[in-house]
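Student: The following file, upload36.pdb, comprises PDB, C-alpha atoms, pLDDT in the B column:
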ATOM      1  CA  MET Y   1      -7.014  -2.079  -8.366  1.00 67.00           C
ATOM      2  CA  ASP Y   2      -8.281   1.447  -7.759  1.00 69.00           C
ATOM      3  CA  HIS Y   3      -6.575   3.381  -4.950  1.00 76.00           C
ATOM      4  CA  SER Y   4      -9.983   4.452  -3.604  1.00 82.00           C
ATOM      5  CA  THR Y   5     -10.640   0.883  -2.414  1.00 87.00           C
ATOM      6  CA  LEU Y   6      -7.202   0.394  -0.866  1.00 94.00           C
ATOM      7  CA  THR Y   7      -7.431  -0.374   2.856  1.00 94.00           C
ATOM      8  CA  GLY Y   8      -5.143   0.623   5.684  1.00 96.00           C
ATOM      9  CA  ARG Y   9      -4.459  -3.012   6.441  1.00 94.00           C
ATOM     10  CA  GLN Y  10      -3.429  -3.656   2.846  1.00 96.00           C
ATOM     11  CA  ILE Y  11      -0.928  -0.805   3.043  1.00 97.00           C
ATOM     12  CA  ALA Y  12       0.530  -2.117   6.310  1.00 97.00           C
ATOM     13  CA  ALA Y  13       0.675  -5.675   4.974  1.00 96.00           C
ATOM     14  CA  ALA Y  14       2.281  -4.583   1.716  1.00 97.00           C
ATOM     15  CA  ARG Y  15       4.905  -2.564   3.555  1.00 97.00           C
ATOM     16  CA  ALA Y  16       5.741  -5.536   5.780  1.00 96.00           C
ATOM     17  CA  LEU Y  17       5.811  -7.897   2.790  1.00 95.00           C
ATOM     18  CA  VAL Y  18       8.528  -5.888   1.036  1.00 95.00           C
ATOM     19  CA  GLY Y  19      10.401  -5.151   4.269  1.00 96.00           C
ATOM     20  CA  LEU Y  20      10.197  -1.365   4.162  1.00 97.00           C
ATOM     21  CA  SER Y  21       9.872   0.909   7.178  1.00 98.00           C
ATOM     22  CA  GLN Y  22       7.174   3.546   7.434  1.00 98.00           C
ATOM     23  CA  ALA Y  23       9.858   6.201   6.895  1.00 98.00           C
ATOM     24  CA  GLU Y  24      11.052   4.496   3.705  1.00 98.00           C
ATOM     25  CA  VAL Y  25       7.551   4.213   2.228  1.00 98.00           C
ATOM     26  CA  ALA Y  26       6.698   7.772   3.243  1.00 98.00           C
ATOM     27  CA  ALA Y  27       9.849   9.067   1.554  1.00 98.00           C
ATOM     28  CA  ARG Y  28       9.157   7.082  -1.624  1.00 98.00           C
ATOM     29  CA  ALA Y  29       5.583   8.407  -1.706  1.00 98.00           C
ATOM     30  CA  ASN Y  30       6.669  11.949  -0.766  1.00 98.00           C
ATOM     31  CA  ILE Y  31       4.351  12.107   2.251  1.00 98.00           C
ATOM     32  CA  SER Y  32       4.959  12.438   5.990  1.00 98.00           C
ATOM     33  CA  VAL Y  33       5.336   9.469   8.320  1.00 98.00           C
ATOM     34  CA  PRO Y  34       2.322  10.608  10.426  1.00 98.00           C
ATOM     35  CA  THR Y  35       0.206  10.640   7.241  1.00 97.00           C
ATOM     36  CA  LEU Y  36       1.264   7.062   6.447  1.00 98.00           C
ATOM     37  CA  LYS Y  37       0.582   6.002  10.055  1.00 98.00           C
ATOM     38  CA  ARG Y  38      -2.977   7.390   9.799  1.00 97.00           C
ATOM     39  CA  MET Y  39      -3.517   5.511   6.547  1.00 97.00           C
ATOM     40  CA  GLU Y  40      -2.306   2.222   8.025  1.00 97.00           C
ATOM     41  CA  ALA Y  41      -4.444   2.674  11.133  1.00 97.00           C
ATOM     42  CA  SER Y  42      -7.613   3.112   9.061  1.00 94.00           C
ATOM     43  CA  GLU Y  43     -10.417   0.627   9.455  1.00 89.00           C
ATOM     44  CA  GLY Y  44     -11.645   0.054   5.923  1.00 90.00           C
ATOM     45  CA  PRO Y  45     -10.537   2.384   3.115  1.00 93.00           C
ATOM     46  CA  ALA Y  46      -7.252   4.185   3.798  1.00 95.00           C
ATOM     47  CA  ALA Y  47      -7.802   7.632   5.282  1.00 93.00           C
ATOM     48  CA  GLY Y  48      -6.134  10.506   3.499  1.00 93.00           C
ATOM     49  CA  LEU Y  49      -6.173  12.652   0.425  1.00 95.00           C
ATOM     50  CA  ALA Y  50      -6.701  10.631  -2.734  1.00 95.00           C
ATOM     51  CA  ASN Y  51      -3.385  11.743  -4.225  1.00 97.00           C
ATOM     52  CA  ASN Y  52      -1.496  10.648  -1.083  1.00 97.00           C
ATOM     53  CA  VAL Y  53      -3.168   7.225  -1.029  1.00 97.00           C
ATOM     54  CA  ALA Y  54      -2.376   6.828  -4.729  1.00 96.00           C
ATOM     55  CA  ALA Y  55       1.260   7.834  -4.121  1.00 97.00           C
ATOM     56  CA  VAL Y  56       1.626   5.192  -1.386  1.00 98.00           C
ATOM     57  CA  MET Y  57       0.006   2.572  -3.590  1.00 97.00           C
ATOM     58  CA  HIS Y  58       2.348   3.383  -6.490  1.00 97.00           C
ATOM     59  CA  ALA Y  59       5.431   3.382  -4.216  1.00 98.00           C
ATOM     60  CA  LEU Y  60       4.545  -0.072  -2.908  1.00 97.00           C
ATOM     61  CA  GLU Y  61       3.739  -1.379  -6.385  1.00 96.00           C
ATOM     62  CA  ALA Y  62       7.143  -0.123  -7.555  1.00 96.00           C
ATOM     63  CA  ALA Y  63       8.661  -2.150  -4.694  1.00 96.00           C
ATOM     64  CA  GLY Y  64       7.018  -5.309  -6.090  1.00 95.00           C
ATOM     65  CA  VAL Y  65       3.601  -5.485  -4.427  1.00 96.00           C
ATOM     66  CA  ILE Y  66       0.370  -6.396  -6.172  1.00 95.00           C
ATOM     67  CA  PHE Y  67      -2.797  -5.241  -4.433  1.00 94.00           C
ATOM     68  CA  VAL Y  68      -5.633  -7.759  -4.697  1.00 91.00           C
ATOM     69  CA  ALA Y  69      -9.141  -6.315  -4.789  1.00 85.00           C
ATOM     70  CA  GLU Y  70     -12.064  -7.651  -2.780  1.00 81.00           C
ATOM     71  CA  ASN Y  71     -13.177 -10.837  -4.511  1.00 77.00           C
ATOM     72  CA  GLY Y  72     -15.532 -12.390  -1.998  1.00 73.00           C
ATOM     73  CA  GLU Y  73     -12.664 -13.512   0.223  1.00 80.00           C
ATOM     74  CA  GLY Y  74     -11.465 -10.046   1.206  1.00 82.00           C
ATOM     75  CA  PRO Y  75      -8.800  -7.704  -0.134  1.00 87.00           C
ATOM     76  CA  GLY Y  76      -5.138  -8.645   0.049  1.00 90.00           C
ATOM     77  CA  VAL Y  77      -1.578  -8.206  -1.157  1.00 93.00           C
ATOM     78  CA  ARG Y  78       1.027 -10.403  -2.780  1.00 92.00           C
ATOM     79  CA  MET Y  79       4.417 -10.074  -4.400  1.00 92.00           C
ATOM     80  CA  ARG Y  80       4.789  -9.665  -8.133  1.00 88.00           C
ATOM     81  CA  LYS Y  81       6.234 -12.769  -9.784  1.00 82.00           C
ATOM     82  CA  VAL Y  82       9.832 -12.240 -10.761  1.00 74.00           C
ATOM     83  CA  SER Y  83      10.521 -13.513 -14.254  1.00 65.00           C
ATOM     84  CA  ALA Y  84      13.536 -15.716 -14.739  1.00 60.00           C
ATOM     85  CA  THR Y  85      15.978 -14.364 -17.275  1.00 61.00           C
TER      86      THR Y  85
END
Once you've parsed the file, please lay out its structure as C-alpha cells.

Tutor:
Amino acid sequence: MDHSTLTGRQIAAARALVGLSQAEVAARANISVPTLKRMEASEGPAAGLANNVAAVMHALEAAGVIFVAENGEGPGVRMRKVSAT
C-alpha cells in the first residue's frame, strides 16, 4: 500500500491493534506527538508531510501491522501472520 492513501483512521487503528501509545509510535517514526495526533485526526488521507506519513507507516509495519488498501469495502489494518518455527 502506498503511504499517500493511508488514512488517519488506519493509523489510529493500527496503533491500537499493536498496543502502542502515540508517544511510542511518534518516537519510532521520529516525529512529534502533536504531528501524529494531527495525522490520526484526519478525515480521509492522513494530514502531514509525505515523509512523516511514510515514517509512521513504516514504524507500524515494523510493529507487525499490514495496511489494507481500499478494495470496495474500505481501507483497513490487520496483523501480519506470525510464522510457526

Student: Quick one: residues within 12 Å of Lys81 of chain Y, all atoms listed in the file, excluding same-chain residues fewer than 6 positions away - as JSON, numbers by chain?

Tutor: {"Y": [64, 65, 66]}

Student: List as a PyMOL selection string the residues having at least one atom at most 9 Å from position (6.3, 6.6, -1.5) as given in the file, counting only C-alpha atoms.

Tutor: chain Y and resi 24-31+52+55-60

Student: Residues of the last selection are to be written out with C-alpha atoms, as a PDB file, in the coordinates of the input.

Tutor:
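Written out: again_20.pdb:
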ATOM      1  CA  GLU Y  24      11.052   4.496   3.705  1.00 98.00           C
ATOM      2  CA  VAL Y  25       7.551   4.213   2.228  1.00 98.00           C
ATOM      3  CA  ALA Y  26       6.698   7.772   3.243  1.00 98.00           C
ATOM      4  CA  ALA Y  27       9.849   9.067   1.554  1.00 98.00           C
ATOM      5  CA  ARG Y  28       9.157   7.082  -1.624  1.00 98.00           C
ATOM      6  CA  ALA Y  29       5.583   8.407  -1.706  1.00 98.00           C
ATOM      7  CA  ASN Y  30       6.669  11.949  -0.766  1.00 98.00           C
ATOM      8  CA  ILE Y  31       4.351  12.107   2.251  1.00 98.00           C
ATOM      9  CA  ASN Y  52      -1.496  10.648  -1.083  1.00 97.00           C
ATOM     10  CA  ALA Y  55       1.260   7.834  -4.121  1.00 97.00           C
ATOM     11  CA  VAL Y  56       1.626   5.192  -1.386  1.00 98.00           C
ATOM     12  CA  MET Y  57       0.006   2.572  -3.590  1.00 97.00           C
ATOM     13  CA  HIS Y  58       2.348   3.383  -6.490  1.00 97.00           C
ATOM     14  CA  ALA Y  59       5.431   3.382  -4.216  1.00 98.00           C
ATOM     15  CA  LEU Y  60       4.545  -0.072  -2.908  1.00 97.00           C
TER      16      LEU Y  60
END

Student: If we draw a sphere of 12 Å around (-6.7, -10.3, 2.0), which residues have at least one atom in it when counting all atoms listed in the file? Please report them as a JSON list (two decimals) with C-alpha atoms, in the frame of the given file.

Tutor:
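point.json, freshly written:
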[["chain", "number", "residue", "atom", "x", "y", "z"],
["Y", 6, "LEU", "CA", -7.20, 0.39, -0.87],
["Y", 7, "THR", "CA", -7.43, -0.37, 2.86],
["Y", 8, "GLY", "CA", -5.14, 0.62, 5.68],
["Y", 9, "ARG", "CA", -4.46, -3.01, 6.44],
["Y", 10, "GLN", "CA", -3.43, -3.66, 2.85],
["Y", 11, "ILE", "CA", -0.93, -0.80, 3.04],
["Y", 12, "ALA", "CA", 0.53, -2.12, 6.31],
["Y", 13, "ALA", "CA", 0.68, -5.68, 4.97],
["Y", 14, "ALA", "CA", 2.28, -4.58, 1.72],
["Y", 66, "ILE", "CA", 0.37, -6.40, -6.17],
["Y", 67, "PHE", "CA", -2.80, -5.24, -4.43],
["Y", 68, "VAL", "CA", -5.63, -7.76, -4.70],
["Y", 69, "ALA", "CA", -9.14, -6.32, -4.79],
["Y", 70, "GLU", "CA", -12.06, -7.65, -2.78],
["Y", 71, "ASN", "CA", -13.18, -10.84, -4.51],
["Y", 72, "GLY", "CA", -15.53, -12.39, -2.00],
["Y", 73, "GLU", "CA", -12.66, -13.51, 0.22],
["Y", 74, "GLY", "CA", -11.46, -10.05, 1.21],
["Y", 75, "PRO", "CA", -8.80, -7.70, -0.13],
["Y", 76, "GLY", "CA", -5.14, -8.64, 0.05],
["Y", 77, "VAL", "CA", -1.58, -8.21, -1.16],
["Y", 78, "ARG", "CA", 1.03, -10.40, -2.78]]

Student: I'd like the interatomic distance between atom CA of Leu49 of chain Y and atom CA of Met79 of chain Y, to a tenth of an Å.

Tutor: 25.5 Å

Student: I'd like the interatomic distance between atom CA of Pro34 of chain Y and atom CA of Arg80 of chain Y, to a tenth of an Å.

Tutor: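 Calculated distance between atom CA of Pro34 of chain Y and atom CA of Arg80 of chain Y is 27.6 Å.
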
Student: So how many Å separate atom CA of Gln22 of chain Y and atom CA of Val82 of chain Y, to one decimal?

Tutor: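 The value is 24.2 Å.
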
Student: I'd like the neighbourhood of Ala47 of chain Y as a VMD selection string, where a residue qualifies if any of its atoms comes within 10 Å (using only C-alpha atoms), though same-chain residues fewer than 2 positions away should be ignored.

Tutor: chain Y and resid 4 6 to 8 35 to 45 49 to 50 52 to 53

Student: If I wrap all listed atoms of segment 13-25 of chain Y in a box with edges along x, y and z and add 3 Å on each side, what are its centre and edge lengths in Å to one decimal, as AutoDock Vina command-line options?

Tutor:
--center_x 5.9 --center_y -0.8 --center_z 4.2 --size_x 16.4 --size_y 20.1 --size_z 12.4
